[in-house]
file data.csv (CSV, C-alpha atoms)
chain,number,residue,atom,x,y,z
D,22,GLY,CA,0.0,0.0,0.0
D,23,ILE,CA,0.9,3.6,0.4
D,24,ASN,CA,1.2,6.1,3.3
D,25,TYR,CA,-2.2,7.7,2.7
D,26,GLU,CA,-1.9,10.3,5.4
D,27,ARG,CA,1.4,11.6,4.0
D,28,PHE,CA,-0.1,12.0,0.5
D,29,ARG,CA,-3.3,13.6,1.9
D,30,GLN,CA,-1.5,16.0,4.3
D,31,ARG,CA,1.2,17.1,1.8
D,32,SER,CA,-1.5,17.7,-0.8
D,33,ALA,CA,-3.6,19.8,1.6
D,34,MET,CA,-0.5,21.8,2.5
D,35,LEU,CA,0.0,22.8,-1.1
D,36,PHE,CA,-3.3,24.8,-1.0
D,37,THR,CA,-2.8,26.7,2.2
D,38,GLU,CA,-2.1,30.5,2.0
D,39,THR,CA,1.1,30.1,4.0
D,40,HIS,CA,2.7,27.5,1.7
D,41,GLN,CA,5.6,28.7,-0.3
D,42,PRO,CA,5.1,27.4,-3.9
D,43,SER,CA,7.7,24.9,-5.1
D,44,LYS,CA,9.4,25.1,-8.5
D,45,ILE,CA,6.9,22.4,-9.8
D,46,GLN,CA,3.9,24.3,-8.5
D,47,GLN,CA,5.2,27.6,-9.9
D,48,GLU,CA,5.8,26.1,-13.4
D,49,MET,CA,2.4,24.3,-13.5
D,50,GLU,CA,0.5,27.4,-12.4
D,51,LEU,CA,2.4,29.5,-14.9
D,52,LEU,CA,1.3,27.2,-17.7
D,53,ARG,CA,-2.3,27.6,-16.6
D,54,SER,CA,-2.3,31.3,-15.9
D,55,THR,CA,-0.7,32.2,-19.3
D,56,GLY,CA,-3.3,30.1,-21.1
D,57,GLN,CA,-0.7,27.6,-22.4
D,58,ILE,CA,-2.7,24.8,-20.9
D,59,GLU,CA,-6.1,24.3,-19.4
D,60,LYS,CA,-6.1,20.7,-18.3
D,61,ILE,CA,-3.1,18.6,-17.3
D,62,ILE,CA,-3.1,14.8,-17.8
D,63,LEU,CA,-0.4,13.1,-15.8
D,64,SER,CA,0.9,9.6,-16.7
D,65,ILE,CA,3.5,8.1,-14.4
D,66,GLY,CA,5.1,4.7,-14.8
D,67,LYS,CA,8.3,2.8,-15.1
D,68,LEU,CA,9.9,2.7,-18.5
D,69,ASP,CA,9.1,-1.0,-18.8
D,70,TYR,CA,7.3,-2.8,-21.6
D,71,THR,CA,4.5,-4.0,-19.3
D,72,LYS,CA,3.6,-0.4,-18.3
D,73,GLY,CA,2.4,0.6,-21.8
D,74,ILE,CA,4.1,4.0,-22.0
D,75,PRO,CA,4.1,4.0,-25.8
D,76,GLN,CA,0.4,3.0,-25.8
D,77,ARG,CA,-0.5,5.9,-23.5
D,78,ILE,CA,1.2,8.4,-25.7
D,79,ARG,CA,-0.4,7.0,-28.8
D,80,ALA,CA,-3.8,7.1,-27.0
D,81,PHE,CA,-3.2,10.8,-26.4
D,82,GLU,CA,-2.3,11.3,-30.0
D,83,ARG,CA,-5.5,9.6,-31.1
D,84,PHE,CA,-7.4,11.9,-28.7
D,85,LEU,CA,-5.9,14.9,-30.4
D,86,GLN,CA,-6.8,13.5,-33.8
D,87,LEU,CA,-10.4,12.8,-32.9
D,88,TYR,CA,-10.9,16.0,-30.9
D,89,PRO,CA,-8.9,18.9,-32.5
D,90,GLU,CA,-10.9,21.4,-30.4
D,91,TYR,CA,-8.6,20.4,-27.5
D,92,LEU,CA,-5.4,21.3,-29.4
D,93,GLY,CA,-3.6,23.9,-27.3
D,94,ARG,CA,-5.8,23.3,-24.3
D,95,VAL,CA,-4.7,19.9,-22.9
D,96,GLY,CA,-1.2,18.7,-22.1
D,97,LEU,CA,0.1,15.3,-21.3
D,98,PHE,CA,2.9,15.0,-18.8
D,99,VAL,CA,4.6,11.6,-19.0
D,100,GLN,CA,7.0,10.6,-16.3
D,101,ALA,CA,8.8,7.5,-17.5
D,102,ILE,CA,10.8,6.4,-14.6
D,103,PRO,CA,14.1,4.7,-15.7
D,104,SER,CA,14.0,1.1,-14.7
D,105,GLY,CA,17.7,0.8,-14.4
D,106,GLU,CA,17.7,-1.8,-17.1
D,107,THR,CA,20.5,-1.7,-19.7
D,108,SER,CA,19.3,-4.4,-22.2
D,109,GLN,CA,18.7,-3.7,-25.9
D,110,THR,CA,15.0,-4.2,-25.3
D,111,PHE,CA,15.0,-1.2,-22.8
D,112,TYR,CA,17.0,1.0,-25.2
D,113,ASN,CA,14.5,0.1,-28.0
D,114,LEU,CA,11.6,1.0,-25.8
D,115,LYS,CA,13.2,4.3,-24.8
D,116,SER,CA,13.9,5.1,-28.4
D,117,LYS,CA,10.3,4.3,-29.4
D,118,VAL,CA,9.0,6.7,-26.7
D,119,ASP,CA,11.4,9.4,-27.7
D,120,GLU,CA,10.3,9.1,-31.3
D,121,LEU,CA,6.5,9.2,-30.4
D,122,VAL,CA,6.9,12.3,-28.2
D,123,GLY,CA,8.9,14.0,-30.9
D,124,ARG,CA,6.4,13.1,-33.6
D,125,ILE,CA,3.4,14.3,-31.6
D,126,ASN,CA,5.1,17.5,-30.5
D,127,GLY,CA,6.3,18.2,-34.1
D,128,ASN,CA,2.9,17.5,-35.6
D,129,TYR,CA,0.7,19.3,-33.1
D,130,GLY,CA,2.8,21.6,-31.0
D,131,THR,CA,2.9,25.4,-31.5
D,132,ILE,CA,5.3,28.1,-30.3
D,133,THR,CA,3.2,28.4,-27.1
D,134,TRP,CA,2.0,24.8,-26.6
D,135,THR,CA,3.8,21.6,-26.2
D,136,PRO,CA,1.3,18.6,-26.3
D,137,VAL,CA,3.6,16.1,-24.5
D,138,ARG,CA,6.1,16.9,-21.8
D,139,TYR,CA,8.3,13.9,-21.4
D,140,LEU,CA,10.1,13.6,-18.0
D,141,ASN,CA,12.6,10.7,-18.0
D,142,GLN,CA,13.7,11.3,-14.5
D,143,VAL,CA,13.0,10.3,-10.9
D,144,PHE,CA,11.0,12.7,-8.6
D,145,THR,CA,10.9,12.6,-4.8
D,146,VAL,CA,7.7,11.5,-3.1
D,147,ASP,CA,6.9,15.1,-2.3
D,148,GLU,CA,7.4,16.2,-5.9
D,149,ARG,CA,5.2,13.3,-7.1
D,150,ILE,CA,2.5,14.4,-4.6
D,151,GLU,CA,2.7,17.9,-6.1
D,152,LEU,CA,2.4,16.5,-9.6
D,153,TYR,CA,-0.6,14.5,-8.6
D,154,SER,CA,-2.3,17.3,-6.7
D,155,LEU,CA,-1.9,19.9,-9.6
D,156,SER,CA,-3.0,17.5,-12.3
D,157,ASP,CA,-6.6,17.1,-13.5
D,158,VAL,CA,-6.4,13.6,-14.9
D,159,ALA,CA,-4.2,10.5,-14.2
D,160,LEU,CA,-3.7,8.3,-17.2
D,161,ILE,CA,-2.6,4.8,-16.0
D,162,LEU,CA,-2.8,2.2,-18.7
D,163,PRO,CA,-0.5,-0.7,-18.0
D,164,LEU,CA,-0.6,-3.7,-20.3
D,165,ARG,CA,-0.1,-6.0,-17.4
D,166,ASP,CA,0.1,-5.0,-13.8
D,167,GLY,CA,-0.6,-6.0,-10.3
D,168,MET,CA,-1.8,-3.5,-7.7
D,169,ASN,CA,-1.0,-0.1,-9.2
D,170,LEU,CA,0.4,2.2,-6.5
D,171,VAL,CA,0.4,5.2,-8.8
D,172,ALA,CA,-3.4,5.1,-9.0
D,173,LYS,CA,-3.6,4.9,-5.2
D,174,GLU,CA,-1.2,7.8,-4.8
D,175,PHE,CA,-3.2,10.0,-7.3
D,176,VAL,CA,-6.4,9.3,-5.4
D,177,ALA,CA,-4.8,10.0,-2.0
D,178,SER,CA,-3.5,13.4,-3.4
D,179,ARG,CA,-7.0,14.6,-4.4
D,180,TYR,CA,-7.2,17.2,-1.6
D,181,ARG,CA,-9.7,19.3,-3.6
D,182,ASP,CA,-11.7,16.1,-4.3
D,183,ARG,CA,-11.7,16.7,-8.1
D,184,GLY,CA,-9.9,14.8,-10.8
D,185,VAL,CA,-10.3,11.9,-13.1
D,186,LEU,CA,-8.5,8.6,-12.9
D,187,ILE,CA,-8.3,6.6,-16.1
D,188,LEU,CA,-7.1,3.2,-15.1
D,189,SER,CA,-6.6,0.2,-17.4
D,190,GLU,CA,-8.7,-2.9,-16.7
D,191,LEU,CA,-5.4,-4.8,-16.8
D,192,ALA,CA,-4.2,-3.2,-13.6
call {"tool": "encode", "arguments": {"input": "data.csv", "output": "structure tokens"}}
result
Amino acid sequence: GINYERFRQRSAMLFTETHQPSKIQQEMELLRSTGQIEKIILSIGKLDYTKGIPQRIRAFERFLQLYPEYLGRVGLFVQAIPSGETSQTFYNLKSKVDELVGRINGNYGTITWTPVRYLNQVFTVDERIELYSLSDVALILPLRDGMNLVAKEFVASRYRDRGVLILSELA
């Protein structure tokens, strides 16, 4: 499981008047306030073939194709956590994800809007709580998974009790 109270308390703290905004909070609020983005979709998962990162990105691309009225309004933030693997399969997967992100951003992006923000790095637990709390939607679509802790973390971080969790039936 997860430490529910830690996620809930940290999330609540982000929305108090005395809280000093972090870099993540400042940047995400800047995107919203300047009109660069209205809704933030967050997708976090290990860069592992079972987690379906390329499929998530392609699903977002399909969404943009079917609903062009959302161009410039919705952004996908993908945190693909490095798995530490060094096999050729891993490098092929990373290359595929890089290519997909580049293609979507090249085809749909504008000077003021980047459709997919690809974060191939590790965040602390507190930084993840901020990402969850400031996002509108969590997109978690593993191809095969056990109990998905990312889904639990997102729900625990819903201090404002708003948000959407899109979870694969295979989790």
call {"tool": "closest_residue", "arguments": {"input": "data.csv", "among": "D:Arg27, D:Lys44, D:Lys60, D:Arg94", "to": "D:Val185", "atoms": "all atoms listed in the file"}}
result
D:Lys60
call {"tool": "closest_residue", "arguments": {"input": "data.csv", "among": "D:Ser178, D:Gln76, D:Asn128, D:Ser104", "to": "D:Asn141", "atoms": "all atoms listed in the file"}}
result
D:Ser104
call {"tool": "closest_residue", "arguments": {"input": "data.csv", "among": "D:Leu140, D:Ile74, D:Ile150, D:Ile102", "to": "D:Leu114", "atoms": "all atoms listed in the file"}}
result
D:Ile74
call {"tool": "closest_residue", "arguments": {"input": "data.csv", "among": "D:Arg149, D:Gln100, D:Pro163, D:Gly93", "to": "D:Phe175", "atoms": "only C-alpha atoms"}}
result
D:Arg149
call {"tool": "atom_distance", "arguments": {"input": "data.csv", "atom1": "atom CA of D:Gly22", "atom2": "atom CA of D:Gly96"}}
result
29.0 Å
call {"tool": "build_atoms", "arguments": {"input": "data.csv", "residues": "stretch 104-115 of chain D", "atoms": "all heavy atoms", "output": "PDB file, in the coordinates of the input"}}
result
ATOM      1  N   SER D 104      14.060   2.353 -15.445  1.00  0.00           N
ATOM      2  CA  SER D 104      14.000   1.100 -14.700  1.00  0.00           C
ATOM      3  C   SER D 104      15.349   0.602 -14.244  1.00  0.00           C
ATOM      4  O   SER D 104      15.439  -0.361 -13.496  1.00  0.00           O
ATOM      5  CB  SER D 104      13.300   0.022 -15.544  1.00  0.00           C
ATOM      6  OG  SER D 104      14.098  -0.261 -16.671  1.00  0.00           O
ATOM      7  N   GLY D 105      16.399   1.226 -14.714  1.00  0.00           N
ATOM      8  CA  GLY D 105      17.700   0.800 -14.400  1.00  0.00           C
ATOM      9  C   GLY D 105      18.235  -0.338 -15.261  1.00  0.00           C
ATOM     10  O   GLY D 105      19.362  -0.812 -15.138  1.00  0.00           O
ATOM     11  N   GLU D 106      17.391  -0.748 -16.174  1.00  0.00           N
ATOM     12  CA  GLU D 106      17.700  -1.800 -17.100  1.00  0.00           C
ATOM     13  C   GLU D 106      18.679  -1.291 -18.174  1.00  0.00           C
ATOM     14  O   GLU D 106      18.607  -0.132 -18.567  1.00  0.00           O
ATOM     15  CB  GLU D 106      16.452  -2.350 -17.742  1.00  0.00           C
ATOM     16  CG  GLU D 106      16.618  -3.722 -18.344  1.00  0.00           C
ATOM     17  CD  GLU D 106      15.286  -4.256 -18.849  1.00  0.00           C
ATOM     18  OE1 GLU D 106      14.263  -4.048 -18.192  1.00  0.00           O
ATOM     19  OE2 GLU D 106      15.311  -4.883 -19.911  1.00  0.00           O
ATOM     20  N   THR D 107      19.545  -2.156 -18.661  1.00  0.00           N
ATOM     21  CA  THR D 107      20.500  -1.700 -19.700  1.00  0.00           C
ATOM     22  C   THR D 107      20.444  -2.659 -20.922  1.00  0.00           C
ATOM     23  O   THR D 107      21.345  -2.635 -21.744  1.00  0.00           O
ATOM     24  CB  THR D 107      21.931  -1.728 -19.142  1.00  0.00           C
ATOM     25  OG1 THR D 107      22.247  -3.038 -18.638  1.00  0.00           O
ATOM     26  CG2 THR D 107      22.093  -0.679 -18.053  1.00  0.00           C
ATOM     27  N   SER D 108      19.388  -3.420 -21.057  1.00  0.00           N
ATOM     28  CA  SER D 108      19.300  -4.400 -22.200  1.00  0.00           C
ATOM     29  C   SER D 108      18.906  -3.630 -23.462  1.00  0.00           C
ATOM     30  O   SER D 108      18.450  -2.493 -23.458  1.00  0.00           O
ATOM     31  CB  SER D 108      18.230  -5.427 -21.871  1.00  0.00           C
ATOM     32  OG  SER D 108      16.942  -4.845 -21.902  1.00  0.00           O
ATOM     33  N   GLN D 109      19.069  -4.299 -24.565  1.00  0.00           N
ATOM     34  CA  GLN D 109      18.700  -3.700 -25.900  1.00  0.00           C
ATOM     35  C   GLN D 109      17.190  -3.489 -25.937  1.00  0.00           C
ATOM     36  O   GLN D 109      16.740  -2.514 -26.524  1.00  0.00           O
ATOM     37  CB  GLN D 109      19.124  -4.687 -26.998  1.00  0.00           C
ATOM     38  CG  GLN D 109      18.997  -4.068 -28.378  1.00  0.00           C
ATOM     39  CD  GLN D 109      19.817  -2.793 -28.541  1.00  0.00           C
ATOM     40  OE1 GLN D 109      20.953  -2.713 -28.107  1.00  0.00           O
ATOM     41  NE2 GLN D 109      19.221  -1.785 -29.142  1.00  0.00           N
ATOM     42  N   THR D 110      16.400  -4.339 -25.288  1.00  0.00           N
ATOM     43  CA  THR D 110      15.000  -4.200 -25.300  1.00  0.00           C
ATOM     44  C   THR D 110      14.600  -2.824 -24.600  1.00  0.00           C
ATOM     45  O   THR D 110      13.737  -2.099 -25.080  1.00  0.00           O
ATOM     46  CB  THR D 110      14.289  -5.315 -24.474  1.00  0.00           C
ATOM     47  OG1 THR D 110      14.690  -6.550 -25.039  1.00  0.00           O
ATOM     48  CG2 THR D 110      12.786  -5.209 -24.478  1.00  0.00           C
ATOM     49  N   PHE D 111      15.268  -2.493 -23.504  1.00  0.00           N
ATOM     50  CA  PHE D 111      15.000  -1.200 -22.800  1.00  0.00           C
ATOM     51  C   PHE D 111      15.378  -0.054 -23.724  1.00  0.00           C
ATOM     52  O   PHE D 111      14.611   0.904 -23.838  1.00  0.00           O
ATOM     53  CB  PHE D 111      15.846  -1.149 -21.520  1.00  0.00           C
ATOM     54  CG  PHE D 111      15.849   0.218 -20.902  1.00  0.00           C
ATOM     55  CD1 PHE D 111      14.756   0.669 -20.183  1.00  0.00           C
ATOM     56  CD2 PHE D 111      16.930   1.065 -21.063  1.00  0.00           C
ATOM     57  CE1 PHE D 111      14.737   1.941 -19.629  1.00  0.00           C
ATOM     58  CE2 PHE D 111      16.927   2.338 -20.505  1.00  0.00           C
ATOM     59  CZ  PHE D 111      15.823   2.774 -19.790  1.00  0.00           C
ATOM     60  N   TYR D 112      16.543  -0.120 -24.366  1.00  0.00           N
ATOM     61  CA  TYR D 112      17.000   1.000 -25.200  1.00  0.00           C
ATOM     62  C   TYR D 112      16.007   1.129 -26.434  1.00  0.00           C
ATOM     63  O   TYR D 112      15.721   2.238 -26.874  1.00  0.00           O
ATOM     64  CB  TYR D 112      18.400   0.797 -25.711  1.00  0.00           C
ATOM     65  CG  TYR D 112      19.377   1.048 -24.595  1.00  0.00           C
ATOM     66  CD1 TYR D 112      20.169   0.030 -24.083  1.00  0.00           C
ATOM     67  CD2 TYR D 112      19.490   2.308 -24.010  1.00  0.00           C
ATOM     68  CE1 TYR D 112      21.048   0.256 -23.048  1.00  0.00           C
ATOM     69  CE2 TYR D 112      20.359   2.545 -22.964  1.00  0.00           C
ATOM     70  CZ  TYR D 112      21.148   1.518 -22.493  1.00  0.00           C
ATOM     71  OH  TYR D 112      21.999   1.749 -21.451  1.00  0.00           O
ATOM     72  N   ASN D 113      15.488   0.028 -26.938  1.00  0.00           N
ATOM     73  CA  ASN D 113      14.500   0.100 -28.000  1.00  0.00           C
ATOM     74  C   ASN D 113      13.219   0.759 -27.556  1.00  0.00           C
ATOM     75  O   ASN D 113      12.631   1.559 -28.281  1.00  0.00           O
ATOM     76  CB  ASN D 113      14.205  -1.305 -28.575  1.00  0.00           C
ATOM     77  CG  ASN D 113      15.369  -1.904 -29.321  1.00  0.00           C
ATOM     78  OD1 ASN D 113      16.299  -1.213 -29.710  1.00  0.00           O
ATOM     79  ND2 ASN D 113      15.341  -3.216 -29.507  1.00  0.00           N
ATOM     80  N   LEU D 114      12.777   0.425 -26.338  1.00  0.00           N
ATOM     81  CA  LEU D 114      11.600   1.000 -25.800  1.00  0.00           C
ATOM     82  C   LEU D 114      11.770   2.528 -25.565  1.00  0.00           C
ATOM     83  O   LEU D 114      10.920   3.334 -25.939  1.00  0.00           O
ATOM     84  CB  LEU D 114      11.213   0.350 -24.450  1.00  0.00           C
ATOM     85  CG  LEU D 114      10.006   0.905 -23.698  1.00  0.00           C
ATOM     86  CD1 LEU D 114       8.734   0.784 -24.533  1.00  0.00           C
ATOM     87  CD2 LEU D 114       9.852   0.188 -22.367  1.00  0.00           C
ATOM     88  N   LYS D 115      12.899   2.912 -25.003  1.00  0.00           N
ATOM     89  CA  LYS D 115      13.200   4.300 -24.800  1.00  0.00           C
ATOM     90  C   LYS D 115      13.231   5.071 -26.113  1.00  0.00           C
ATOM     91  O   LYS D 115      12.674   6.170 -26.243  1.00  0.00           O
ATOM     92  CB  LYS D 115      14.499   4.514 -24.030  1.00  0.00           C
ATOM     93  CG  LYS D 115      14.768   5.979 -23.732  1.00  0.00           C
ATOM     94  CD  LYS D 115      15.973   6.169 -22.864  1.00  0.00           C
ATOM     95  CE  LYS D 115      16.277   7.613 -22.558  1.00  0.00           C
ATOM     96  NZ  LYS D 115      15.657   8.636 -23.328  1.00  0.00           N
TER      97      LYS D 115
END
